[in-house]
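> Structure file upload-v4.pdb, PDB, C-alpha atoms, is pasted below:
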MODEL        1
ATOM      1  CA  THR S  80     -92.192  27.956  13.302  1.00  0.00           C
ATOM      2  CA  SER S  81     -91.956  26.494  16.749  1.00  0.00           C
ATOM      3  CA  THR S  82     -90.409  23.407  18.292  1.00  0.00           C
ATOM      4  CA  GLN S  83     -92.303  21.267  20.761  1.00  0.00           C
ATOM      5  CA  ALA S  84     -90.400  18.403  22.350  1.00  0.00           C
ATOM      6  CA  ILE S  85     -92.668  15.761  23.821  1.00  0.00           C
ATOM      7  CA  MET S  86     -90.309  12.988  24.844  1.00  0.00           C
ATOM      8  CA  ASP S  87     -88.225  11.427  27.514  1.00  0.00           C
ATOM      9  CA  GLY S  88     -84.787  12.975  27.176  1.00  0.00           C
ATOM     10  CA  ALA S  89     -83.116   9.815  28.523  1.00  0.00           C
ATOM     11  CA  PHE S  90     -79.381  10.461  28.363  1.00  0.00           C
ATOM     12  CA  THR S  91     -79.675  13.913  26.858  1.00  0.00           C
ATOM     13  CA  ASP S  92     -81.540  16.906  28.252  1.00  0.00           C
ATOM     14  CA  ASN S  93     -84.768  15.972  30.038  1.00  0.00           C
ATOM     15  CA  THR S  94     -86.061  19.572  29.965  1.00  0.00           C
ATOM     16  CA  GLY S  95     -86.386  19.777  26.163  1.00  0.00           C
ATOM     17  CA  ILE S  96     -84.648  23.162  26.324  1.00  0.00           C
ATOM     18  CA  LEU S  97     -81.425  22.009  24.655  1.00  0.00           C
ATOM     19  CA  GLN S  98     -83.305  20.595  21.667  1.00  0.00           C
ATOM     20  CA  ALA S  99     -85.398  23.756  21.252  1.00  0.00           C
ATOM     21  CA  VAL S 100     -82.397  26.106  21.527  1.00  0.00           C
ATOM     22  CA  ALA S 101     -80.332  23.959  19.145  1.00  0.00           C
ATOM     23  CA  ALA S 102     -83.221  24.244  16.658  1.00  0.00           C
ATOM     24  CA  GLY S 103     -82.996  28.049  16.917  1.00  0.00           C
ATOM     25  CA  ALA S 104     -85.723  28.875  19.458  1.00  0.00           C
ATOM     26  CA  THR S 105     -85.237  32.067  21.467  1.00  0.00           C
ATOM     27  CA  ASP S 106     -88.478  31.866  23.488  1.00  0.00           C
ATOM     28  CA  VAL S 107     -88.860  28.463  25.166  1.00  0.00           C
ATOM     29  CA  THR S 108     -91.411  27.033  27.593  1.00  0.00           C
ATOM     30  CA  SER S 109     -90.437  23.967  29.624  1.00  0.00           C
ATOM     31  CA  TYR S 110     -92.351  21.935  32.191  1.00  0.00           C
ATOM     32  CA  ILE S 111     -89.991  20.217  34.602  1.00  0.00           C
ATOM     33  CA  SER S 112     -90.192  18.135  37.745  1.00  0.00           C
ATOM     34  CA  ASP S 113     -86.593  18.497  38.906  1.00  0.00           C
ATOM     35  CA  VAL S 114     -84.653  21.754  38.794  1.00  0.00           C
ATOM     36  CA  ARG S 115     -81.292  19.919  38.609  1.00  0.00           C
ATOM     37  CA  GLY S 116     -81.749  19.243  34.892  1.00  0.00           C
ATOM     38  CA  LEU S 117     -82.356  22.930  34.296  1.00  0.00           C
ATOM     39  CA  LEU S 118     -79.295  24.036  36.287  1.00  0.00           C
ATOM     40  CA  ASN S 119     -77.093  21.608  34.345  1.00  0.00           C
ATOM     41  CA  LEU S 120     -77.651  23.709  31.228  1.00  0.00           C
ATOM     42  CA  PHE S 121     -75.863  26.698  32.772  1.00  0.00           C
ATOM     43  CA  SER S 122     -72.199  27.546  33.211  1.00  0.00           C
ATOM     44  CA  GLY S 123     -70.611  25.413  35.932  1.00  0.00           C
ATOM     45  CA  GLY S 124     -73.722  23.336  36.500  1.00  0.00           C
ATOM     46  CA  ASN S 125     -73.534  19.580  36.654  1.00  0.00           C
ATOM     47  CA  MET S 126     -75.122  16.741  38.576  1.00  0.00           C
ATOM     48  CA  ALA S 127     -72.149  16.509  40.931  1.00  0.00           C
ATOM     49  CA  LEU S 128     -73.124  19.945  42.290  1.00  0.00           C
ATOM     50  CA  ASN S 129     -76.742  18.914  42.725  1.00  0.00           C
ATOM     51  CA  GLY S 130     -76.540  15.407  44.151  1.00  0.00           C
ATOM     52  CA  PRO S 131     -76.634  11.877  42.805  1.00  0.00           C
ATOM     53  CA  ASP S 132     -79.077  10.854  40.119  1.00  0.00           C
ATOM     54  CA  PRO S 133     -80.433   7.294  40.237  1.00  0.00           C
ATOM     55  CA  TRP S 134     -80.715   7.106  36.430  1.00  0.00           C
ATOM     56  CA  PHE S 135     -76.986   7.706  35.822  1.00  0.00           C
ATOM     57  CA  SER S 136     -77.526  11.009  34.031  1.00  0.00           C
ATOM     58  CA  ASN S 137     -75.166  12.554  36.570  1.00  0.00           C
ATOM     59  CA  VAL S 138     -72.387  11.832  34.083  1.00  0.00           C
ATOM     60  CA  LEU S 139     -74.150  13.861  31.385  1.00  0.00           C
ATOM     61  CA  PHE S 140     -74.577  17.595  31.401  1.00  0.00           C
ATOM     62  CA  PHE S 141     -74.858  20.008  28.531  1.00  0.00           C
ATOM     63  CA  GLN S 142     -73.911  23.551  29.377  1.00  0.00           C
ATOM     64  CA  ILE S 143     -75.493  25.679  26.651  1.00  0.00           C
ATOM     65  CA  PHE S 144     -75.930  28.938  28.585  1.00  0.00           C
ATOM     66  CA  SER S 145     -73.223  31.334  29.786  1.00  0.00           C
ATOM     67  CA  THR S 146     -75.073  32.458  32.944  1.00  0.00           C
ATOM     68  CA  PRO S 147     -73.640  30.781  36.084  1.00  0.00           C
ATOM     69  CA  TRP S 148     -75.894  28.021  37.422  1.00  0.00           C
ATOM     70  CA  HIS S 149     -76.064  29.568  40.910  1.00  0.00           C
ATOM     71  CA  THR S 150     -77.475  32.810  39.423  1.00  0.00           C
ATOM     72  CA  ILE S 151     -80.293  30.826  37.801  1.00  0.00           C
ATOM     73  CA  GLU S 152     -80.812  28.822  40.996  1.00  0.00           C
ATOM     74  CA  ALA S 153     -81.381  32.107  42.866  1.00  0.00           C
ATOM     75  CA  GLU S 154     -83.820  33.296  40.190  1.00  0.00           C
ATOM     76  CA  VAL S 155     -85.742  30.005  40.337  1.00  0.00           C
ATOM     77  CA  LYS S 156     -86.023  30.312  44.127  1.00  0.00           C
ATOM     78  CA  SER S 157     -87.812  33.647  43.561  1.00  0.00           C
ATOM     79  CA  PHE S 158     -90.407  32.134  41.174  1.00  0.00           C
ATOM     80  CA  LYS S 159     -94.053  32.526  42.103  1.00  0.00           C
ATOM     81  CA  CYS S 160     -95.435  29.370  43.747  1.00  0.00           C
ATOM     82  CA  LEU S 161     -99.011  28.212  44.167  1.00  0.00           C
ATOM     83  CA  LYS S 162    -100.299  27.360  47.628  1.00  0.00           C
ATOM     84  CA  VAL S 163    -100.793  23.599  47.817  1.00  0.00           C
ATOM     85  CA  PRO S 164    -103.998  23.133  49.843  1.00  0.00           C
ATOM     86  CA  SER S 165    -104.750  20.267  52.158  1.00  0.00           C
ATOM     87  CA  ILE S 166    -106.549  17.558  50.239  1.00  0.00           C
ATOM     88  CA  GLU S 167    -109.779  16.354  51.816  1.00  0.00           C
ATOM     89  CA  GLY S 168    -109.088  13.549  54.230  1.00  0.00           C
ATOM     90  CA  ARG S 169    -105.384  14.408  54.507  1.00  0.00           C
ATOM     91  CA  SER S 170    -103.760  16.215  57.399  1.00  0.00           C
ATOM     92  CA  ASP S 171    -100.494  17.131  55.679  1.00  0.00           C
ATOM     93  CA  PRO S 172    -100.649  20.558  53.982  1.00  0.00           C
ATOM     94  CA  ALA S 173     -98.892  19.428  50.813  1.00  0.00           C
ATOM     95  CA  GLY S 174    -101.241  16.563  50.041  1.00  0.00           C
ATOM     96  CA  ALA S 175     -99.924  13.068  49.607  1.00  0.00           C
ATOM     97  CA  TYR S 176     -97.540  13.614  46.673  1.00  0.00           C
ATOM     98  CA  LEU S 177     -97.535  17.192  45.318  1.00  0.00           C
ATOM     99  CA  THR S 178     -94.960  19.404  47.029  1.00  0.00           C
ATOM    100  CA  SER S 179     -95.000  22.533  44.842  1.00  0.00           C
ATOM    101  CA  ILE S 180     -96.014  24.196  41.601  1.00  0.00           C
ATOM    102  CA  CYS S 181     -93.829  27.199  40.771  1.00  0.00           C
ATOM    103  CA  PHE S 182     -93.363  29.238  37.611  1.00  0.00           C
ATOM    104  CA  GLY S 183     -91.283  32.075  36.253  1.00  0.00           C
ATOM    105  CA  THR S 184     -89.168  33.384  33.410  1.00  0.00           C
ATOM    106  CA  VAL S 185     -85.411  33.817  33.105  1.00  0.00           C
ATOM    107  CA  THR S 186     -83.450  35.481  30.332  1.00  0.00           C
ATOM    108  CA  THR S 187     -80.008  34.161  29.504  1.00  0.00           C
ATOM    109  CA  THR S 188     -77.418  33.984  26.724  1.00  0.00           C
ATOM    110  CA  THR S 189     -76.233  30.896  24.896  1.00  0.00           C
ATOM    111  CA  ALA S 190     -72.690  29.589  25.216  1.00  0.00           C
ATOM    112  CA  GLU S 191     -70.905  27.808  22.389  1.00  0.00           C
ATOM    113  CA  ASN S 192     -71.515  24.052  22.576  1.00  0.00           C
ATOM    114  CA  THR S 193     -70.506  22.256  19.393  1.00  0.00           C
ATOM    115  CA  PHE S 194     -71.687  18.851  20.654  1.00  0.00           C
ATOM    116  CA  ALA S 195     -75.190  20.230  21.287  1.00  0.00           C
ATOM    117  CA  GLY S 196     -75.248  22.289  18.094  1.00  0.00           C
ATOM    118  CA  VAL S 197     -75.621  25.594  19.929  1.00  0.00           C
ATOM    119  CA  GLU S 198     -73.813  28.765  18.883  1.00  0.00           C
ATOM    120  CA  GLY S 199     -72.840  31.285  21.554  1.00  0.00           C
ATOM    121  CA  GLY S 200     -74.114  34.804  22.091  1.00  0.00           C
ATOM    122  CA  ARG S 201     -77.861  34.366  21.425  1.00  0.00           C
ATOM    123  CA  GLU S 202     -80.341  35.754  23.989  1.00  0.00           C
ATOM    124  CA  VAL S 203     -82.960  33.201  25.076  1.00  0.00           C
ATOM    125  CA  LYS S 204     -86.026  33.663  27.249  1.00  0.00           C
ATOM    126  CA  LEU S 205     -86.953  30.556  29.276  1.00  0.00           C
ATOM    127  CA  HIS S 206     -90.463  30.215  30.696  1.00  0.00           C
ATOM    128  CA  ILE S 207     -90.331  27.467  33.322  1.00  0.00           C
ATOM    129  CA  VAL S 208     -93.121  25.609  35.133  1.00  0.00           C
ATOM    130  CA  ILE S 209     -91.814  23.356  37.916  1.00  0.00           C
ATOM    131  CA  VAL S 210     -94.152  20.714  39.337  1.00  0.00           C
ATOM    132  CA  GLU S 211     -92.386  18.901  42.171  1.00  0.00           C
ATOM    133  CA  SER S 212     -93.685  15.809  43.879  1.00  0.00           C
ATOM    134  CA  THR S 213     -92.472  12.979  46.056  1.00  0.00           C
ATOM    135  CA  LEU S 214     -93.037  10.512  43.211  1.00  0.00           C
ATOM    136  CA  ASP S 215     -90.331   9.133  40.974  1.00  0.00           C
ATOM    137  CA  SER S 216     -90.665   9.325  37.206  1.00  0.00           C
ATOM    138  CA  LEU S 217     -91.737   5.686  36.957  1.00  0.00           C
ATOM    139  CA  PRO S 218     -94.590   3.887  38.739  1.00  0.00           C
ATOM    140  CA  PHE S 219     -93.981   1.739  41.770  1.00  0.00           C
ATOM    141  CA  PRO S 220     -93.372  -1.948  41.038  1.00  0.00           C
ATOM    142  CA  VAL S 221     -95.766  -4.108  43.030  1.00  0.00           C
ATOM    143  CA  PRO S 222     -96.149  -7.852  43.206  1.00  0.00           C
ATOM    144  CA  ASP S 223     -99.308  -9.390  41.817  1.00  0.00           C
ATOM    145  CA  PHE S 224     -99.997 -12.136  44.324  1.00  0.00           C
ATOM    146  CA  THR S 225    -102.754 -13.744  42.240  1.00  0.00           C
ATOM    147  CA  SER S 226    -100.582 -14.445  39.199  1.00  0.00           C
ATOM    148  CA  GLY S 227     -97.142 -14.369  40.792  1.00  0.00           C
ATOM    149  CA  GLN S 228     -96.015 -11.628  38.370  1.00  0.00           C
ATOM    150  CA  ALA S 229     -94.929  -8.129  39.194  1.00  0.00           C
ATOM    151  CA  GLY S 230     -96.860  -5.128  37.928  1.00  0.00           C
ATOM    152  CA  LEU S 231     -96.749  -1.358  38.069  1.00  0.00           C
ATOM    153  CA  ASP S 232     -98.892   0.682  40.428  1.00  0.00           C
ATOM    154  CA  TRP S 233    -100.116   3.801  38.620  1.00  0.00           C
ATOM    155  CA  ARG S 234    -102.584   4.829  41.367  1.00  0.00           C
ATOM    156  CA  PRO S 235    -100.240   7.356  43.043  1.00  0.00           C
ATOM    157  CA  TYR S 236    -100.020   9.251  39.731  1.00  0.00           C
ATOM    158  CA  GLY S 237    -103.810   9.534  39.612  1.00  0.00           C
ATOM    159  CA  ARG S 238    -103.668  10.997  43.098  1.00  0.00           C
ATOM    160  CA  LEU S 239    -100.933  13.420  42.000  1.00  0.00           C
ATOM    161  CA  VAL S 240    -103.098  14.605  39.080  1.00  0.00           C
ATOM    162  CA  THR S 241    -105.953  15.161  41.550  1.00  0.00           C
ATOM    163  CA  GLU S 242    -103.637  17.197  43.784  1.00  0.00           C
ATOM    164  CA  ILE S 243    -102.411  19.288  40.831  1.00  0.00           C
ATOM    165  CA  SER S 244    -105.996  19.919  39.690  1.00  0.00           C
ATOM    166  CA  THR S 245    -107.111  20.810  43.219  1.00  0.00           C
ATOM    167  CA  THR S 246    -104.194  23.208  43.622  1.00  0.00           C
ATOM    168  CA  MET S 247    -104.803  24.876  40.246  1.00  0.00           C
ATOM    169  CA  GLY S 248    -108.513  25.215  40.997  1.00  0.00           C
ATOM    170  CA  SER S 249    -108.105  26.507  44.537  1.00  0.00           C
ATOM    171  CA  ARG S 250    -109.618  29.951  45.178  1.00  0.00           C
ATOM    172  CA  VAL S 251    -106.416  31.093  46.945  1.00  0.00           C
ATOM    173  CA  ASN S 252    -104.453  30.487  43.734  1.00  0.00           C
ATOM    174  CA  ARG S 253    -106.883  32.199  41.340  1.00  0.00           C
ATOM    175  CA  ALA S 254    -104.706  35.270  40.609  1.00  0.00           C
ATOM    176  CA  ALA S 255    -101.493  33.229  40.262  1.00  0.00           C
ATOM    177  CA  VAL S 256    -103.173  30.693  37.938  1.00  0.00           C
ATOM    178  CA  LYS S 257    -104.455  33.546  35.745  1.00  0.00           C
ATOM    179  CA  GLU S 258    -100.909  34.935  35.603  1.00  0.00           C
ATOM    180  CA  LEU S 259     -99.529  31.498  34.749  1.00  0.00           C
ATOM    181  CA  ALA S 260    -102.114  31.032  31.972  1.00  0.00           C
ATOM    182  CA  LYS S 261    -101.446  34.494  30.538  1.00  0.00           C
ATOM    183  CA  THR S 262     -97.651  34.168  30.691  1.00  0.00           C
ATOM    184  CA  PHE S 263     -97.333  30.580  29.503  1.00  0.00           C
ATOM    185  CA  PHE S 264    -100.343  29.807  27.350  1.00  0.00           C
ATOM    186  CA  LEU S 265    -101.990  32.994  26.086  1.00  0.00           C
ATOM    187  CA  ARG S 266     -99.004  35.025  24.946  1.00  0.00           C
ATOM    188  CA  ALA S 267     -98.698  35.906  21.276  1.00  0.00           C
TER     189      ALA S 267
ENDMDL
END
Turn this file's structure into structure tokens for me.


Amino acid sequence: TSTQAIMDGAFTDNTGILQAVAAGATDVTSYISDVRGLLNLFSGGNMALNGPDPWFSNVLFFQIFSTPWHTIEAEVKSFKCLKVPSIEGRSDPAGAYLTSICFGTVTTTTAENTFAGVEGGREVKLHIVIVESTLDSLPFPVPDFTSGQAGLDWRPYGRLVTEISTTMGSRVNRAAVKELAKTFFLRA
């Protein structure tokens, strides 16, 4: 069996990794937009080390792996990254919102965490895709001057999806995208 978390972690683990590992998974794929949540799962990691969090989750961290967070941070920095091309009509090389798409795999060992329901000593392979952008996790509030009510502006997220698609489809990224597909989607 497999576990697939499709949710907003809120005041738990936003990566979905904790839930999968607590359910017994030893081979986990996670798509994240902020590496801080990942690092918090490792020994010594917490939001205080990685800066303030506007959603108050800086008071919550669930260390379920024995590997030191700085070791994982170094491994993540060596992940393969796609080249973000200039988007037509834009002069900045990273498009309007997309800053990077990186991916890689780390192997670690669980640490005892009774609160999270994780027993120590189990080897876990984490396949991570990190899509970073300048956007926040929620759309921009904008006033609606015709009705006098505020609304949410989802248009930047449409642009971000365009930038992700353009990056994934770019000829310069062909080999890396094939590797990503094989490693993350086509493995047995």

> Nearest residue to S:Val210 out of S:Ala153, S:Ile143, S:Cys160, S:Ala175, using all atoms listed in the file?

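Comparing S:Ala153, S:Ile143, S:Cys160, S:Ala175 against S:Val210, the winner is S:Cys160.
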
> So how far away is atom CA of S:Gly95 from atom CA of S:Met247, in Å?

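We find that atom CA of S:Met247 and atom CA of S:Gly95 lie 23.7 Å from each other.
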
> For a test of reading the model, state the distance in Å between atom CA of S:Arg238 and atom CA of S:Val155, rounded to one decimal.

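Taking atom CA of S:Arg238 and atom CA of S:Val155, their separation equals 26.3 Å.
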
> So how far away is atom CA of S:Val107 from atom CA of S:Ala195, in Å?

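That distance, rounded to one decimal, is 16.4 Å.
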
> Show me, as an mmCIF file with C-alpha atoms, in the frame of the given file, the residues that have an atom within 12 Å of S:Leu205 when counting all atoms listed in the file, minus same-chain residues fewer than 2 positions from it.


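Saved the output as selection22.cif:
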data_model
loop_
_atom_site.group_PDB
_atom_site.id
_atom_site.type_symbol
_atom_site.label_atom_id
_atom_site.label_comp_id
_atom_site.auth_asym_id
_atom_site.auth_seq_id
_atom_site.Cartn_x
_atom_site.Cartn_y
_atom_site.Cartn_z
ATOM 1 C CA THR S 94 -86.061 19.572 29.965
ATOM 2 C CA GLY S 95 -86.386 19.777 26.163
ATOM 3 C CA ILE S 96 -84.648 23.162 26.324
ATOM 4 C CA LEU S 97 -81.425 22.009 24.655
ATOM 5 C CA ALA S 99 -85.398 23.756 21.252
ATOM 6 C CA VAL S 100 -82.397 26.106 21.527
ATOM 7 C CA ALA S 104 -85.723 28.875 19.458
ATOM 8 C CA THR S 105 -85.237 32.067 21.467
ATOM 9 C CA ASP S 106 -88.478 31.866 23.488
ATOM 10 C CA VAL S 107 -88.860 28.463 25.166
ATOM 11 C CA THR S 108 -91.411 27.033 27.593
ATOM 12 C CA SER S 109 -90.437 23.967 29.624
ATOM 13 C CA TYR S 110 -92.351 21.935 32.191
ATOM 14 C CA LEU S 117 -82.356 22.930 34.296
ATOM 15 C CA LEU S 120 -77.651 23.709 31.228
ATOM 16 C CA PHE S 144 -75.930 28.938 28.585
ATOM 17 C CA ILE S 151 -80.293 30.826 37.801
ATOM 18 C CA GLU S 154 -83.820 33.296 40.190
ATOM 19 C CA VAL S 155 -85.742 30.005 40.337
ATOM 20 C CA PHE S 182 -93.363 29.238 37.611
ATOM 21 C CA GLY S 183 -91.283 32.075 36.253
ATOM 22 C CA THR S 184 -89.168 33.384 33.410
ATOM 23 C CA VAL S 185 -85.411 33.817 33.105
ATOM 24 C CA THR S 186 -83.450 35.481 30.332
ATOM 25 C CA THR S 187 -80.008 34.161 29.504
ATOM 26 C CA THR S 188 -77.418 33.984 26.724
ATOM 27 C CA THR S 189 -76.233 30.896 24.896
ATOM 28 C CA GLU S 202 -80.341 35.754 23.989
ATOM 29 C CA VAL S 203 -82.960 33.201 25.076
ATOM 30 C CA ILE S 207 -90.331 27.467 33.322
ATOM 31 C CA VAL S 208 -93.121 25.609 35.133
ATOM 32 C CA THR S 262 -97.651 34.168 30.691
ATOM 33 C CA PHE S 263 -97.333 30.580 29.503
#
